[in-house]
Structures are given as C-alpha cells and as structure tokens.
file model-v1.txt (compact mmCIF, C-alpha atoms)
# COMPACT_ATOMS: atom_id res chain seq x y z
CA MET A 6 -25.56 -36.70 -24.27
CA THR A 7 -24.85 -32.98 -24.02
CA GLN A 8 -27.84 -30.67 -23.84
CA ILE A 9 -27.85 -26.92 -24.48
CA VAL A 10 -30.52 -24.93 -22.65
CA ASN A 11 -31.48 -21.26 -23.17
CA ILE A 12 -31.43 -19.12 -20.02
CA THR A 13 -33.81 -16.17 -19.99
CA SER A 14 -32.84 -14.35 -16.81
CA GLU A 15 -32.83 -10.56 -16.96
CA SER A 16 -30.55 -10.32 -13.90
CA LEU A 17 -27.93 -12.61 -15.49
CA GLN A 18 -28.17 -10.72 -18.78
CA ALA A 19 -27.81 -7.38 -16.94
CA THR A 20 -24.67 -8.67 -15.23
CA ILE A 21 -23.23 -9.78 -18.59
CA ARG A 22 -23.97 -6.31 -20.03
CA GLN A 23 -22.27 -4.67 -17.03
CA LEU A 24 -19.17 -6.90 -17.05
CA LEU A 25 -18.86 -7.02 -20.83
CA PRO A 26 -19.86 -3.59 -22.19
CA SER A 27 -19.09 -4.63 -25.77
CA GLN A 28 -21.92 -7.19 -25.53
CA GLN A 29 -24.68 -4.67 -24.66
CA GLY A 30 -26.28 -4.87 -28.10
CA PHE A 31 -26.05 -8.67 -28.20
CA SER A 32 -29.64 -9.89 -27.99
CA THR A 33 -29.22 -13.67 -28.02
CA ASP A 34 -30.26 -15.49 -24.83
CA LEU A 35 -27.59 -16.94 -22.59
CA GLN A 36 -27.09 -20.66 -22.91
CA ALA A 37 -26.02 -23.39 -20.51
CA THR A 38 -24.90 -26.94 -21.03
CA ASN A 39 -25.06 -30.00 -18.83
CA LEU A 40 -21.42 -30.78 -19.66
CA ILE A 41 -19.15 -30.13 -16.67
CA GLN A 42 -16.09 -28.12 -17.65
CA PRO A 43 -13.49 -27.51 -14.96
CA ILE A 44 -12.19 -23.95 -14.74
CA ILE A 45 -8.73 -23.33 -13.38
CA ASP A 46 -8.02 -19.73 -12.43
CA LEU A 47 -4.37 -19.00 -13.20
CA THR A 48 -4.71 -15.23 -12.72
CA PRO A 49 -2.61 -14.95 -9.51
CA THR A 50 0.17 -17.04 -11.04
CA ALA A 51 0.04 -15.08 -14.30
CA GLU A 52 0.29 -11.86 -12.30
CA GLY A 53 3.39 -13.23 -10.56
CA SER A 54 1.83 -13.39 -7.14
CA ARG A 55 -0.12 -16.11 -5.43
CA LEU A 56 0.19 -14.57 -1.98
CA PRO A 57 -2.72 -12.30 -0.97
CA THR A 58 -1.82 -8.61 -0.89
CA HIS A 59 -2.30 -8.19 2.86
CA LEU A 60 0.22 -10.99 3.46
CA GLN A 61 2.74 -9.42 1.07
CA THR A 62 2.96 -6.40 3.38
CA ALA A 63 4.00 -8.56 6.35
CA LEU A 64 7.07 -7.51 8.29
CA SER A 65 10.22 -9.50 7.61
CA THR A 66 13.97 -9.44 8.12
CA ALA A 67 14.24 -7.07 5.12
CA THR A 68 12.45 -4.35 7.10
CA GLY A 69 14.53 -1.20 7.43
CA ASN A 70 14.43 0.81 10.66
CA SER A 71 15.46 4.32 11.53
CA GLN A 72 15.13 6.80 14.38
CA VAL A 73 15.37 10.41 13.31
CA LEU A 74 16.11 13.11 15.90
CA ASN A 75 17.03 16.73 15.11
CA THR A 76 17.98 16.05 11.47
CA ASN A 77 16.80 15.12 7.97
CA THR A 78 17.50 11.53 6.93
CA THR A 79 17.01 9.98 3.51
CA ILE A 80 15.74 6.46 4.18
CA VAL A 81 14.84 5.30 0.64
CA SER A 82 16.00 6.30 -2.83
CA THR A 83 15.05 3.21 -4.89
CA PRO A 84 11.82 3.60 -6.91
CA GLY A 85 8.81 1.47 -6.02
CA PHE A 86 6.03 1.03 -3.48
CA TYR A 87 6.93 1.16 0.21
CA ARG A 88 5.06 0.46 3.40
CA LEU A 89 6.06 2.92 6.12
CA TYR A 90 4.93 2.52 9.70
CA GLY A 91 6.03 3.78 13.05
CA ASN A 92 5.46 6.56 15.53
CA SER A 93 6.10 10.29 15.67
CA VAL A 94 6.70 11.96 19.04
CA ALA A 95 6.65 15.73 19.50
CA HIS A 96 7.58 17.22 22.87
CA SER A 97 6.99 20.92 23.37
CA THR A 98 8.91 22.65 26.17
CA SER A 99 8.99 26.31 27.15
CA GLY A 100 6.82 27.45 24.27
CA THR A 101 8.89 25.77 21.53
CA GLY A 102 6.84 24.12 18.80
CA VAL A 103 7.86 20.89 17.10
CA THR A 104 7.01 19.47 13.65
CA ASN A 105 8.06 16.08 12.31
CA TYR A 106 7.72 15.23 8.61
CA ILE A 107 7.90 12.39 6.14
CA LEU A 108 8.56 13.82 2.69
CA ILE A 109 8.97 12.73 -0.89
CA ASP A 110 11.84 15.06 -1.74
CA SER A 111 10.50 18.40 -0.47
CA ALA A 112 6.78 17.52 -0.55
CA PRO A 113 5.34 16.52 2.83
CA VAL A 114 3.21 13.36 2.80
CA PHE A 115 2.94 13.17 6.60
CA SER A 116 3.35 15.82 9.26
CA HIS A 117 2.90 15.85 13.01
CA SER A 118 3.02 19.16 14.86
CA ILE A 119 2.64 20.44 18.36
CA LEU A 120 2.50 24.13 19.13
CA GLY A 121 4.54 25.74 21.86
CA VAL A 122 2.08 26.37 24.67
CA GLY A 123 4.46 27.48 27.44
CA SER A 124 4.43 24.20 29.34
CA ASP A 125 5.61 20.65 28.73
CA THR A 126 3.29 18.93 26.30
CA VAL A 127 3.84 15.62 24.53
CA SER A 128 2.00 14.33 21.48
CA THR A 129 2.43 10.95 19.80
CA MET A 130 1.03 9.92 16.45
CA PRO A 131 1.30 6.43 14.97
CA PHE A 132 1.33 6.01 11.18
CA ASP A 133 1.07 3.14 8.71
CA PHE A 134 0.75 3.88 4.99
CA VAL A 135 2.08 3.01 1.53
CA LEU A 136 4.02 5.45 -0.67
CA PHE A 137 4.97 5.29 -4.33
CA LEU A 138 8.44 6.54 -5.15
CA ARG A 139 9.30 7.47 -8.75
CA PRO A 140 12.84 7.36 -10.18
CA ASN A 141 15.10 10.13 -8.83
CA GLU A 142 12.89 10.70 -5.77
CA ASN A 143 13.76 10.12 -2.13
CA ILE A 144 11.79 9.42 1.03
CA ILE A 145 13.09 11.76 3.70
CA VAL A 146 12.26 11.75 7.41
CA SER A 147 12.66 15.08 9.18
CA SER A 148 12.68 16.02 12.84
CA GLY A 149 13.27 19.74 13.12
CA ASN A 150 14.65 19.87 16.65
CA ALA A 151 15.80 17.77 19.60
CA ASN A 152 12.26 17.56 20.99
CA GLY A 153 10.89 15.61 18.04
CA ILE A 154 11.64 12.02 17.11
CA VAL A 155 10.35 9.75 14.36
CA SER A 156 10.78 5.99 14.78
CA ILE A 157 10.10 4.46 11.39
CA SER A 158 10.19 1.04 9.78
CA TYR A 159 9.91 0.60 6.03
CA GLU A 160 9.88 -2.16 3.47
CA GLN A 161 9.56 -2.24 -0.31
CA ILE A 162 6.36 -4.15 -1.12
CA ALA A 163 6.45 -3.73 -4.92
CA ASP A 164 8.88 -2.49 -7.51
CA LEU A 165 8.45 0.51 -9.81
CA TYR A 166 6.23 -1.52 -12.15
CA GLY A 167 3.94 -2.92 -9.45
CA ASN A 168 5.54 -6.38 -9.31
CA THR A 169 4.98 -7.38 -5.71
CA ASN A 170 7.75 -8.50 -3.39
CA ASN A 171 7.05 -11.33 -1.01
CA PRO A 172 8.38 -10.99 2.56
CA ALA A 173 12.05 -11.90 2.93
CA GLY A 174 12.54 -15.63 3.37
CA PHE A 175 9.05 -16.59 2.12
CA THR A 176 8.83 -19.30 -0.52
CA PHE A 177 5.88 -21.24 -1.89
CA GLU A 178 5.96 -24.97 -1.20

call {"tool": "encode", "arguments": {"input": "model-v1.txt", "output": "structure tokens"}}
result
Amino acid sequence: MTQIVNITSESLQATIRQLLPSQQGFSTDLQATNLIQPIIDLTPTAEGSRLPTHLQTALSTATGNSQVLNTNTTIVSTPGFYRLYGNSVAHSTSGTGVTNYILIDSAPVFSHSILGVGSDTVSTMPFDFVLFLRPNENIIVSSGNANGIVSISYEQIADLYGNTNNPAGFTFE
C-alpha cells in the first residue's frame, strides 16, 4: 500500500525555492511516498553528448598543427569553438624585440613579447585555451620576425551552435 508523508524540512523547502523560483509563494509542505520510482537521466543523450566535456577536448588524429616563423598564418576560418595549445618562443638578439600573437582577425587574444635588451635572451610561454570563432572570422598566428616562433596545435571541439565534437575515431559502444 502506498503511503504519502508530509515533509516539513526548512532546508529542503529552501532548496526547492532556490531551484524553482516560480514556487517561492507555494506554501504546501513537501510530500514523499514509499513507492519506488526509478529515474533515468537522459539529459546527456538529449544534449547530443554522453562523453564528459574534458574528454571531448582530447587530442586526436583530427588535430591540426602549425609552426609559424616570420609570417602571419591563418589556421582556422570555420566558425565554432576551438582548443588551441602549444608554445611560443621569443628570442631577442642584439637589442631586437620580438612579439608573437594569436589573433581573431586583427584582435589579439594571446601575445608573448620579449624586449630587446642588448644581449641574447630567450623566453618561452606555453598556452592552452579555447576560442569561439564567429562566421567570417579567422584565427591568425603571427610571428613578427625570424627570432619568434609559435608551435600550435588546434582542434574544433564544438560547432557554431555549441554541438560538441567527439575526438576523431571515437564511437560509443
């Protein structure tokens, strides 16, 4: 026989009010039943992704790679979310400064500089971040002279609408 029991817990009611703001004026006590009802959470499947986010950013054979030295190189022009990771090296000789950039069109989103100090100086800076690219935008890697180099790997982790991409070759069993 199914029983319904009133629950008078202020902490549970406060949580309900916080999670469901439209229920703040609802003054009826919470109720519980002794009937066991299984709950199946289909949210990840409904979202189109059952793989945890940190695993979706795993490296795969679809990873693009580039080394940029003394030039500007467009590495991505397709809209979406991209993980970019790698290393920037700036080598200053004879007082010549060096700046390496990662840009969305002309807007810098990453820069690594070393000032010319009159002697050989080397600076390295690793990076690992996610960028969002809108339609008609480009991700450009720039190394302004022969003493700067950017080694970069990149992979699209979600499309323009946030639909995540699983690593190349991954399938659910």

call {"tool": "residues_near_point", "arguments": {"input": "model-v1.txt", "point": "(-30.3, -18.0, -18.4)", "cutoff": "10 Å", "atoms": "all atoms listed in the file", "output": "ChimeraX atom specification"}}
result
/A:10-18,34-37

call {"tool": "atom_distance", "arguments": {"input": "model-v1.txt", "atom1": "CA of Ile107 in chain A", "atom2": "CA of Gly123 in chain A"}}
result
26.3 Å

call {"tool": "residues_near_point", "arguments": {"input": "model-v1.txt", "point": "(4.0, 5.1, -6.4)", "cutoff": "10 Å", "atoms": "all atoms listed in the file", "output": "PyMOL selection string"}}
result
chain A and resi 84-87+135-140+163-167

call {"tool": "closest_residue", "arguments": {"input": "model-v1.txt", "among": "A:Ile45, A:Val155, A:Met6, A:Met130", "to": "Tyr106 in chain A", "atoms": "all atoms listed in the file"}}
result
A:Val155

call {"tool": "axis_aligned_box", "arguments": {"input": "model-v1.txt", "around": "range 82-90 of chain A", "padding_each_side": "5 Å", "output": "lines of an AutoDock Vina configuration file"}}
result
center_x = 10.5
center_y = 3.4
center_z = 1.4
size_x = 21.1
size_y = 15.8
size_z = 26.6

call {"tool": "residues_around", "arguments": {"input": "model-v1.txt", "residues": "Asn170 in chain A", "least_positions_apart": "4", "cutoff": "12 Å", "atoms": "all atoms listed in the file", "output": "ChimeraX atom specification"}}
result
/A:53-65,67,85-88,160-166,174-176

call {"tool": "closest_residue", "arguments": {"input": "model-v1.txt", "among": "A:Asn105, A:Thr68, A:Ser116, A:Gln42", "to": "Val81 in chain A", "atoms": "all atoms listed in the file"}}
result
A:Thr68

call {"tool": "residues_around", "arguments": {"input": "model-v1.txt", "residues": "Asn143 in chain A", "least_positions_apart": "5", "cutoff": "7 Å", "atoms": "only C-alpha atoms", "output": "list in words"}}
result
Thr79, Val81, Ser82, Ile109 and Asp110 of chain A

call {"tool": "atom_distance", "arguments": {"input": "model-v1.txt", "atom1": "CA of Ser158 in chain A", "atom2": "CA of Gly121 in chain A"}}
result
28.1 Å

call {"tool": "atom_distance", "arguments": {"input": "model-v1.txt", "atom1": "CA of Asn168 in chain A", "atom2": "CA of Gln72 in chain A"}}
result
28.8 Å

call {"tool": "closest_residue", "arguments": {"input": "model-v1.txt", "among": "A:Thr169, A:Ser118, A:Thr66, A:Ser124", "to": "Val94 in chain A", "atoms": "all atoms listed in the file"}}
result
A:Ser118

call {"tool": "closest_residue", "arguments": {"input": "model-v1.txt", "among": "A:Val73, A:Val114, A:Ile145, A:Ala151", "to": "Thr101 in chain A", "atoms": "all atoms listed in the file"}}
result
A:Ala151

call {"tool": "decode", "arguments": {"input": "model-v1.txt", "residues": "range 81-139 of chain A", "atoms": "C-alpha atoms", "output": "short mmCIF file (atom, residue, chain, number, x, y, z; two decimals), in the first residue's frame"}}
result
data_model
loop_
_atom_site.label_atom_id
_atom_site.label_comp_id
_atom_site.auth_asym_id
_atom_site.auth_seq_id
_atom_site.Cartn_x
_atom_site.Cartn_y
_atom_site.Cartn_z
CA VAL A 81 41.18 28.36 -38.92
CA SER A 82 38.33 30.06 -40.77
CA THR A 83 35.39 27.76 -39.93
CA PRO A 84 33.09 29.09 -37.16
CA GLY A 85 32.91 27.22 -33.86
CA PHE A 86 34.79 26.53 -30.64
CA TYR A 87 38.46 25.59 -30.88
CA ARG A 88 41.03 24.35 -28.41
CA LEU A 89 44.43 25.88 -29.13
CA TYR A 90 47.56 24.73 -27.34
CA GLY A 91 51.25 24.93 -27.93
CA ASN A 92 54.29 27.04 -27.18
CA SER A 93 55.54 30.48 -28.13
CA VAL A 94 59.29 31.13 -28.26
CA ALA A 95 60.75 34.64 -28.46
CA HIS A 96 64.50 35.07 -28.91
CA SER A 97 65.91 38.57 -28.58
CA THR A 98 69.33 39.25 -30.12
CA SER A 99 71.27 42.49 -30.35
CA GLY A 100 68.53 44.61 -28.84
CA THR A 101 65.77 43.43 -31.21
CA GLY A 102 62.42 42.82 -29.54
CA VAL A 103 60.07 40.03 -30.55
CA THR A 104 56.28 39.67 -30.21
CA ASN A 105 54.23 36.62 -31.16
CA TYR A 106 50.43 36.80 -31.42
CA ILE A 107 47.33 34.69 -31.78
CA LEU A 108 44.54 36.85 -33.17
CA ILE A 109 40.90 36.67 -34.12
CA ASP A 110 41.16 38.73 -37.29
CA SER A 111 43.09 41.78 -36.05
CA ALA A 112 42.21 41.47 -32.34
CA PRO A 113 44.94 39.83 -30.24
CA VAL A 114 43.73 37.11 -27.88
CA PHE A 115 47.25 35.98 -26.91
CA SER A 116 50.56 37.79 -27.08
CA HIS A 117 54.07 36.92 -25.96
CA SER A 118 56.75 39.60 -26.06
CA ILE A 119 60.38 39.98 -25.17
CA LEU A 120 62.10 43.34 -25.23
CA GLY A 121 65.43 43.90 -26.89
CA VAL A 122 67.92 44.11 -24.03
CA GLY A 123 71.21 44.15 -25.97
CA SER A 124 72.10 40.52 -25.30
CA ASP A 125 70.72 37.12 -26.25
CA THR A 126 67.59 36.41 -24.25
CA VAL A 127 65.08 33.62 -24.81
CA SER A 128 61.57 33.41 -23.43
CA THR A 129 59.10 30.55 -23.85
CA MET A 130 55.43 30.62 -22.99
CA PRO A 131 53.10 27.61 -23.20
CA PHE A 132 49.39 28.17 -23.87
CA ASP A 133 46.22 26.10 -23.79
CA PHE A 134 42.85 27.80 -24.21
CA VAL A 135 39.51 27.67 -26.05
CA LEU A 136 38.38 30.31 -28.56
CA PHE A 137 35.00 30.96 -30.14
CA LEU A 138 35.08 31.90 -33.80
CA ARG A 139 32.04 33.60 -35.37
#
